[in-house]
Every structure is written in C-alpha cells, then in structure tokens.
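J.: Just dropping this structure here.
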Amino acid sequence: MTAAPGRRVGDPQAAGPGAPCPAPASPPMPVAAIPARPGATIRDAHEPPVAASAGAQENVAFTGTRAAFAGLLARGSLLTLPTLGLYRFWLITDIRRHLWGNTVIAGEPLEYAGRGGELLRGFLIGMAVLIPINLLLTLLGLTSFGSSVSLAGPTFFGLMVLQQFAQFRTFAYRITRSRYRGIAGSLDAQFAGYFMRRIGWDSAAILSLGLAIPFRRASLDRYLIGGCRIGDQKAQFSGTGWSLAWRVYLGWMITALVWLVIGILSVPLLASLITAAAPDLRELREVMTGPALAIIPTLVVGFTFYAVYIAIWHRWRLNHLSFGTTRFVSALRARQVVGCYLRFGAGMLLLLFLIMVLLGIIALFLTQHFPEETRALFGTSEEPSTFSAVLTVAGILVVLTLIGAMRRYFVERGVWVAVMSTLSVTQPQALIERLRYCEPASAGAGEGLADAFSLGP
C-alpha cells in the first residue's frame, strides 16, 4: 500500500485536527513505505520490510558535545541580559532542539518543533491572567470586605486550578512539539480528568502525611503517559504505586536516619569547638546549639536525596513505558544523577566565592587609591548612591544568569545525557513499522502559562 500524493497515511478526512487516529483497516504498512522525514518520497511498495527480530534491542545514543551546548548557553546568556530575560524563551527552545536532535533511537534522531514565540505568547497570556487577579486581591485587601475570610477559599481554589492547568498544558505542549521520523506526538488526556485525579491524590497525600505521594505519582503518570501517542500508536504505562513506594520509603528512612545522626553528633562537636575557640563565651555556648552546625550537612543530605529521587523516578517511569511490543529498558544509576546535582552545587559555590573575592579585591583597591572618588560614586553603606543601587541590581542579574546557565549545563543537560545514554529500546522496528501519520492536537499558546506561575523551565 502506498499513500496518495499530498495525503497522510491513514484516514485524514475522517479525523479532524486533534482527533485520535482511527485504527487502520489494512495490515500495518512496512517501514520502507513510510517517509523518514516530511517531504521525503515513499519508496516502492514492493520493497521488503525491515524484519524485527523477537529479541532485538538497541541502545539510545546521545551525539551532542559539551562544547556545542556550552556555546549555545553562552550566546543565549549574553542575549538574555540586554533583553531583560525575554530571550530566554528562545534559549529554552534552542536547548531542547539540541537535546532532542542529538538523541538517536534506532538510527533516527528525535525532533523538537516548538518555538520561542509560542512560549513568550503563553507567558504573556499567563501574566494577563495573574496581574488583574493580584491587583483585585490587593484592592480588596484594603477594604473591610477584603479582610473577610470568605475570600481566602475561592481565591486559593481559583489559583490552584490555574496552576494545575498550567502544568497540564506544559506536558501537552512538549508532547505535541516532539517528533520521531517526522511524526508528531499527541495527547488524548483531558485537563478535567487530570485535575480530578490531582485534587484527590493531593488530598490523600496531605491526610497520609506524604505516604500517598508514590501512589499519586503513579496514578498521574498512568493517566498522562497512557494518553500519549506517536502518530496513531498509543503509549502504555504499567507503573504502579507499590513498585515506586518501597524505593521512596526506603530513601525517606535513610535520609531521616542520617539527619538524626547529624543532629546528635553536632551537639557535642559544636560545644567542643566553641569551648576551644572561646572558653569565656558562655552566653554564646548557650545560644548556639547543635542544629546550627548541622545546617550544611543537612542541606547536602537533602539535596542528595532529591537527586536520588529524580533518578529513581526516571528509571521507574521508563521501565514501565511501552508501545505494544516495543519496550524501554533503563539502566540509570542514582550516582549518575547525584553527580550532576553535586557538580552544579560545587560550581555554584565556587562561582559565588570567586565573585566575592573579586569584589573584595576591587573594593580594597578603590578605597586605598581613590577614596574620595569611590565615596562620591558609590556613596556610603547608610546612604548608597543611585549608581551603586543600579550596579547592585545589574550584578544580581548577572549572577542569577550565570547560575541559571550552570544549572542548565550540569543538571538539565547532565541528567538528560545520563538518562538517554543508559536507555535501550526492545524491538524498535516493531514500532516503526506500525507508525502512521496523524494530525496532533494543538497545545495552544504553549507552556508559557506555567512560566508565569514560576513552574516552567
């Protein structure tokens, strides 16, 4: 069977834009008859199809280089500062095109078709919704009516609905802008179904003091991932809460135990340090307690457990994802993801240390050689000049931009490469042979609405 010129394979007239593709009445078309890219010619229908062996398994490859990604981040960061952050929507798009485009499955790279303008438009729509709401709440708060407790419930519920809608649209946008062999993904799941599940499981998580979180994650993933399609091929997700719960509970117990040990050991250690450094400062010994010394190791342990949870979630999610006989197998190790987060943390601390040293050297040089000019230009600590205030704001923006670039390099790219380089696909040709073109549902203005809620990337 071959497709007529100018028409998609399947039944495009029967299904409107965004509608699920009907099941083909004829046997699946061989992969040889499907164009690998939009606009490619369909080869001869008599060419024998690619045979998919029963146990065929191929590793997913990532071909991108660190240098190319670093150059992308450097260019994007330089353009983000003078545009006051607006260019970051195009930077996000370039990053995804790099990550998607260098991920190769069965010899074919993924594609990302999103646009920076779509993200910006969604962000502006989100701000157009949030700004009037915040202004209204502020005005009501200045009146006696606004102080009524009756406003708290509807306001909280309304913002929660908007926030969940933003998260759902983010997932839908990324799915519909992802392509494989020129075939776009789509999402059959609806926001109403997602929202009802989210409300129910959030309530259960609160009432169970967090014990329902793994089951909440499994339920939402089954609904969202189970509603995904590549062309007309529907995804299946078999993950259950129990298969995730024991891993999460074990991590919680280990983290709590480590925190307890840190708290117990820090009390006598802190007392001995204070006694050795300042034996006469009895008041200081009474004020400072063990938890003060335990802050840094506690944060490190919490940071590490979060990275371990991310690794557990990625591996669990991929190992329960399939398209018919095509299954994904992940060999991701927690230490690979933890390494990404620790490198980011160490890099951020080193950056802040170098900035403090550099500012200290500059301040010392100026105050010693140009004391009057420095005071006139920067003012004093009690009365800083306008130039000093502007310079401080600009410096904060530069530091935040550098930290953001480091996060994208070490965490965003690092975790993506770790996940994809340890992923393999069983019988990928079985999926390729069944693929049909299908018009994906539109994701509207993009995921910028989530960015307005500070939920975006």
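We name chains A, B, ... following the order of the structure tokens; residues begin at 1 in each chain, and ligands are numbered from 1 as shown.
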List the spatial neighbours of segment 184-197 of chain A as number ranges by chain - criterion: any atom at most 9 Å away, only C-alpha atoms, same-chain residues fewer than 4 positions off excluded.

T.: A: 18-20, 111, 113, 161, 164-165, 168-169, 171-180, 201-202, 216, 219-220, 223-232, 437-442

J.: Extract the full set of strand (DSSP E or B) residues from segment 87-131 of chain A according to DSSP on the backbone, and format it as JSON, numbers by chain.

T.: {"A": [103, 104, 105, 108, 109, 110, 111, 112]}

J.: Got a sec: who's within 12 Å of segment 306-312 of chain A, counting only C-alpha atoms, leaving out chain neighbours fewer than 2 positions off, as a JSON list (two decimals) with N, CA and C atoms, in the first residue's frame?

T.:
```json
[["chain", "number", "residue", "atom", "x", "y", "z"],
["A", 214, "PRO", "N", 3.91, 8.38, 46.39],
["A", 214, "PRO", "CA", 4.25, 7.47, 45.28],
["A", 214, "PRO", "C", 3.02, 7.00, 44.51],
["A", 243, "SER", "N", 5.21, -0.36, 43.19],
["A", 243, "SER", "CA", 6.54, -0.56, 42.60],
["A", 243, "SER", "C", 7.44, 0.64, 42.82],
["A", 244, "LEU", "N", 6.85, 1.82, 43.09],
["A", 244, "LEU", "CA", 7.63, 3.01, 43.38],
["A", 244, "LEU", "C", 7.74, 3.30, 44.87],
["A", 245, "ALA", "N", 6.72, 2.88, 45.62],
["A", 245, "ALA", "CA", 6.63, 3.27, 47.03],
["A", 245, "ALA", "C", 7.79, 2.76, 47.85],
["A", 246, "TRP", "N", 8.15, 1.49, 47.70],
["A", 246, "TRP", "CA", 9.18, 0.94, 48.58],
["A", 246, "TRP", "C", 10.51, 1.63, 48.38],
["A", 247, "ARG", "N", 10.80, 2.06, 47.15],
["A", 247, "ARG", "CA", 12.04, 2.79, 46.90],
["A", 247, "ARG", "C", 12.01, 4.16, 47.57],
["A", 248, "VAL", "N", 10.87, 4.85, 47.45],
["A", 248, "VAL", "CA", 10.76, 6.17, 48.04],
["A", 248, "VAL", "C", 10.78, 6.09, 49.56],
["A", 249, "TYR", "N", 10.04, 5.14, 50.13],
["A", 249, "TYR", "CA", 10.01, 4.99, 51.58],
["A", 249, "TYR", "C", 11.40, 4.66, 52.13],
["A", 250, "LEU", "N", 12.12, 3.79, 51.43],
["A", 250, "LEU", "CA", 13.47, 3.45, 51.87],
["A", 250, "LEU", "C", 14.37, 4.68, 51.86],
["A", 251, "GLY", "N", 14.24, 5.49, 50.81],
["A", 251, "GLY", "CA", 15.04, 6.72, 50.75],
["A", 251, "GLY", "C", 14.69, 7.67, 51.88],
["A", 252, "TRP", "N", 13.40, 7.78, 52.19],
["A", 252, "TRP", "CA", 12.99, 8.64, 53.30],
["A", 252, "TRP", "C", 13.58, 8.17, 54.62],
["A", 254, "ILE", "N", 16.28, 6.33, 55.15],
["A", 254, "ILE", "CA", 17.73, 6.53, 55.19],
["A", 254, "ILE", "C", 18.05, 8.01, 55.44],
["A", 255, "THR", "N", 17.33, 8.91, 54.74],
["A", 255, "THR", "CA", 17.57, 10.34, 54.92],
["A", 255, "THR", "C", 17.26, 10.78, 56.34],
["A", 299, "LEU", "N", 21.53, 20.14, 54.60],
["A", 299, "LEU", "CA", 21.18, 20.57, 53.25],
["A", 299, "LEU", "C", 21.80, 19.67, 52.19],
["A", 300, "VAL", "N", 23.04, 19.25, 52.42],
["A", 300, "VAL", "CA", 23.71, 18.36, 51.45],
["A", 300, "VAL", "C", 22.98, 17.04, 51.36],
["A", 301, "VAL", "N", 22.58, 16.48, 52.51],
["A", 301, "VAL", "CA", 21.85, 15.21, 52.51],
["A", 301, "VAL", "C", 20.50, 15.36, 51.81],
["A", 302, "GLY", "N", 19.79, 16.44, 52.10],
["A", 302, "GLY", "CA", 18.51, 16.67, 51.44],
["A", 302, "GLY", "C", 18.66, 16.86, 49.95],
["A", 303, "PHE", "N", 19.69, 17.60, 49.54],
["A", 303, "PHE", "CA", 20.00, 17.82, 48.13],
["A", 303, "PHE", "C", 20.29, 16.49, 47.44],
["A", 304, "THR", "N", 21.06, 15.64, 48.11],
["A", 304, "THR", "CA", 21.43, 14.34, 47.54],
["A", 304, "THR", "C", 20.21, 13.44, 47.41],
["A", 314, "HIS", "N", 12.93, 8.59, 37.15],
["A", 314, "HIS", "CA", 13.21, 8.44, 35.72],
["A", 314, "HIS", "C", 13.31, 6.96, 35.34],
["A", 315, "ARG", "N", 14.05, 6.20, 36.11],
["A", 315, "ARG", "CA", 14.23, 4.78, 35.78],
["A", 315, "ARG", "C", 12.90, 4.02, 35.90],
["A", 316, "TRP", "N", 12.15, 4.27, 36.96],
["A", 316, "TRP", "CA", 10.86, 3.62, 37.14],
["A", 316, "TRP", "C", 9.90, 3.97, 36.01],
["A", 317, "ARG", "N", 9.89, 5.23, 35.62],
["A", 317, "ARG", "CA", 8.99, 5.68, 34.57],
["A", 317, "ARG", "C", 9.32, 5.03, 33.23],
["A", 318, "LEU", "N", 10.58, 5.00, 32.87],
["A", 318, "LEU", "CA", 10.98, 4.44, 31.57],
["A", 318, "LEU", "C", 10.80, 2.93, 31.51],
["A", 319, "ASN", "N", 11.08, 2.25, 32.61],
["A", 319, "ASN", "CA", 10.96, 0.79, 32.62],
["A", 319, "ASN", "C", 9.53, 0.31, 32.54],
["A", 330, "SER", "N", 15.76, 0.92, 31.14],
["A", 330, "SER", "CA", 16.69, 1.91, 31.67],
["A", 330, "SER", "C", 17.65, 1.26, 32.65],
["A", 331, "ALA", "N", 18.94, 1.57, 32.49],
["A", 331, "ALA", "CA", 19.97, 1.11, 33.42],
["A", 331, "ALA", "C", 20.55, 2.28, 34.20],
["A", 332, "LEU", "N", 19.77, 3.33, 34.38],
["A", 332, "LEU", "CA", 20.23, 4.54, 35.06],
["A", 332, "LEU", "C", 20.59, 4.23, 36.50],
["A", 333, "ARG", "N", 21.70, 4.78, 36.96],
["A", 333, "ARG", "CA", 22.14, 4.64, 38.33],
["A", 333, "ARG", "C", 21.97, 5.97, 39.07],
["A", 334, "ALA", "N", 21.62, 5.87, 40.34],
["A", 334, "ALA", "CA", 21.38, 7.08, 41.13],
["A", 334, "ALA", "C", 22.63, 7.95, 41.21],
["A", 335, "ARG", "N", 23.79, 7.34, 41.27],
["A", 335, "ARG", "CA", 25.02, 8.11, 41.41],
["A", 335, "ARG", "C", 25.28, 9.01, 40.19],
["A", 336, "GLN", "N", 24.76, 8.62, 39.01],
["A", 336, "GLN", "CA", 24.94, 9.45, 37.83],
["A", 336, "GLN", "C", 24.17, 10.76, 37.97],
["A", 337, "VAL", "N", 22.95, 10.69, 38.46],
["A", 337, "VAL", "CA", 22.15, 11.90, 38.65],
["A", 337, "VAL", "C", 22.66, 12.71, 39.83],
["A", 338, "VAL", "N", 23.04, 12.03, 40.92],
["A", 338, "VAL", "CA", 23.59, 12.73, 42.08],
["A", 338, "VAL", "C", 24.83, 13.51, 41.68],
["A", 339, "GLY", "N", 25.66, 12.91, 40.84],
["A", 339, "GLY", "CA", 26.87, 13.60, 40.37],
["A", 339, "GLY", "C", 26.55, 14.89, 39.64],
["A", 340, "CYS", "N", 25.47, 14.89, 38.84],
["A", 340, "CYS", "CA", 25.07, 16.11, 38.12],
["A", 340, "CYS", "C", 24.70, 17.21, 39.11],
["A", 341, "TYR", "N", 23.92, 16.88, 40.12],
["A", 341, "TYR", "CA", 23.49, 17.88, 41.09],
["A", 341, "TYR", "C", 24.65, 18.35, 41.97],
["A", 342, "LEU", "N", 25.54, 17.44, 42.36],
["A", 342, "LEU", "CA", 26.68, 17.84, 43.18],
["A", 342, "LEU", "C", 27.64, 18.72, 42.40],
["A", 343, "ARG", "N", 27.85, 18.43, 41.13],
["A", 343, "ARG", "CA", 28.70, 19.29, 40.32],
["A", 343, "ARG", "C", 28.10, 20.69, 40.18],
["A", 344, "PHE", "N", 26.78, 20.74, 40.04],
["A", 344, "PHE", "CA", 26.13, 22.06, 39.98],
["A", 344, "PHE", "C", 26.29, 22.81, 41.30],
["A", 345, "GLY", "N", 26.08, 22.11, 42.43],
["A", 345, "GLY", "CA", 26.23, 22.76, 43.72],
["A", 345, "GLY", "C", 27.65, 23.25, 43.96],
["A", 411, "VAL", "N", 22.84, 20.21, 35.31],
["A", 411, "VAL", "CA", 21.64, 19.46, 35.69],
["A", 411, "VAL", "C", 20.80, 19.10, 34.48],
["A", 412, "GLU", "N", 20.36, 20.10, 33.73],
["A", 412, "GLU", "CA", 19.45, 19.83, 32.62],
["A", 412, "GLU", "C", 20.10, 18.95, 31.57],
["A", 414, "GLY", "N", 23.10, 17.38, 31.93],
["A", 414, "GLY", "CA", 23.72, 16.23, 32.56],
["A", 414, "GLY", "C", 22.74, 15.10, 32.82],
["A", 415, "VAL", "N", 21.56, 15.43, 33.37],
["A", 415, "VAL", "CA", 20.57, 14.40, 33.66],
["A", 415, "VAL", "C", 20.02, 13.82, 32.35],
["A", 416, "TRP", "N", 19.79, 14.66, 31.35],
["A", 416, "TRP", "CA", 19.29, 14.16, 30.06],
["A", 416, "TRP", "C", 20.27, 13.16, 29.45],
["A", 418, "ALA", "N", 22.61, 11.44, 31.02],
["A", 418, "ALA", "CA", 22.67, 10.25, 31.86],
["A", 418, "ALA", "C", 21.49, 9.33, 31.60],
["A", 419, "VAL", "N", 20.30, 9.89, 31.45],
["A", 419, "VAL", "CA", 19.11, 9.08, 31.20],
["A", 419, "VAL", "C", 19.17, 8.42, 29.84],
["A", 422, "THR", "N", 21.90, 5.60, 29.07],
["A", 422, "THR", "CA", 21.70, 4.31, 29.76],
["A", 422, "THR", "C", 20.36, 3.67, 29.38]]
```

J.: I'd like to know which residues of segment 150-222 of chain A are helix (DSSP H, G or I) (by DSSP, run on the backbone); could you write them as a PyMOL selection string?

T.: chain A and resi 150-176+191-207+213-222

J.: Quick one: everything within 10 Å of Pro428 of chain A, counting only C-alpha atoms, minus sequence neighbours fewer than 5 positions away in the same chain. Send it as a PyMOL selection string.

T.: chain A and resi 52-53+56-58+105-106+323+325-328+433

J.: Suppose you want the space between atom CA of Gly126 of chain A and atom CA of Thr170 of chain A; what is it in Å?

T.: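 Distance between the two atoms: 12.4 Å.
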
J.: Counting only C-alpha atoms, what is within 12 Å of segment 378-395 of chain A, bar same-chain residues fewer than 5 positions away, as a PyMOL selection string?

T.: chain A and resi 81-82+84+352+355-356+359+363+366-367+370-373+400-402

J.: Could you please take those selected residues and save N, CA and C atoms as an mmCIF file, in the first residue's frame?

T.:
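Okay, selection.cif is ready:
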```cif
data_model
loop_
_atom_site.group_PDB
_atom_site.id
_atom_site.type_symbol
_atom_site.label_atom_id
_atom_site.label_comp_id
_atom_site.auth_asym_id
_atom_site.auth_seq_id
_atom_site.Cartn_x
_atom_site.Cartn_y
_atom_site.Cartn_z
ATOM 1 N N LEU A 81 20.505 38.924 28.962
ATOM 2 C CA LEU A 81 20.713 40.090 29.827
ATOM 3 C C LEU A 81 20.202 41.386 29.206
ATOM 4 N N PRO A 82 20.615 41.748 27.984
ATOM 5 C CA PRO A 82 20.120 43.025 27.436
ATOM 6 C C PRO A 82 18.627 43.022 27.099
ATOM 7 N N LEU A 84 16.425 41.767 29.087
ATOM 8 C CA LEU A 84 15.752 41.672 30.391
ATOM 9 C C LEU A 84 15.022 40.341 30.561
ATOM 10 N N LEU A 352 30.246 31.783 43.418
ATOM 11 C CA LEU A 352 29.968 32.808 44.421
ATOM 12 C C LEU A 352 31.233 33.201 45.183
ATOM 13 N N ILE A 355 33.355 35.413 42.925
ATOM 14 C CA ILE A 355 32.765 36.755 42.807
ATOM 15 C C ILE A 355 33.048 37.569 44.059
ATOM 16 N N MET A 356 32.920 36.950 45.245
ATOM 17 C CA MET A 356 33.189 37.665 46.488
ATOM 18 C C MET A 356 34.655 38.087 46.570
ATOM 19 N N LEU A 359 35.182 41.008 44.062
ATOM 20 C CA LEU A 359 34.617 42.252 44.566
ATOM 21 C C LEU A 359 35.429 42.805 45.728
ATOM 22 N N ALA A 363 37.125 46.419 45.689
ATOM 23 C CA ALA A 363 36.781 47.390 46.730
ATOM 24 C C ALA A 363 38.020 47.854 47.483
ATOM 25 N N LEU A 366 40.061 50.288 45.225
ATOM 26 C CA LEU A 366 39.444 51.597 45.054
ATOM 27 C C LEU A 366 39.506 52.427 46.333
ATOM 28 N N THR A 367 39.236 51.803 47.474
ATOM 29 C CA THR A 367 39.243 52.563 48.730
ATOM 30 C C THR A 367 40.648 53.009 49.129
ATOM 31 N N PHE A 370 41.674 55.505 45.542
ATOM 32 C CA PHE A 370 40.743 56.569 45.158
ATOM 33 C C PHE A 370 39.621 56.674 46.199
ATOM 34 N N PRO A 371 39.944 57.026 47.433
ATOM 35 C CA PRO A 371 38.915 57.024 48.491
ATOM 36 C C PRO A 371 37.824 58.067 48.261
ATOM 37 N N GLU A 372 38.185 59.297 47.878
ATOM 38 C CA GLU A 372 37.183 60.339 47.703
ATOM 39 C C GLU A 372 36.290 60.045 46.502
ATOM 40 N N GLU A 373 36.907 59.642 45.401
ATOM 41 C CA GLU A 373 36.132 59.343 44.198
ATOM 42 C C GLU A 373 35.197 58.163 44.422
ATOM 43 N N LEU A 400 22.586 35.713 38.710
ATOM 44 C CA LEU A 400 21.474 34.785 38.500
ATOM 45 C C LEU A 400 21.531 34.161 37.108
ATOM 46 N N THR A 401 21.935 34.939 36.109
ATOM 47 C CA THR A 401 22.061 34.394 34.750
ATOM 48 C C THR A 401 23.162 33.341 34.688
ATOM 49 N N LEU A 402 24.287 33.593 35.352
ATOM 50 C CA LEU A 402 25.377 32.619 35.370
ATOM 51 C C LEU A 402 24.976 31.347 36.105
#
```
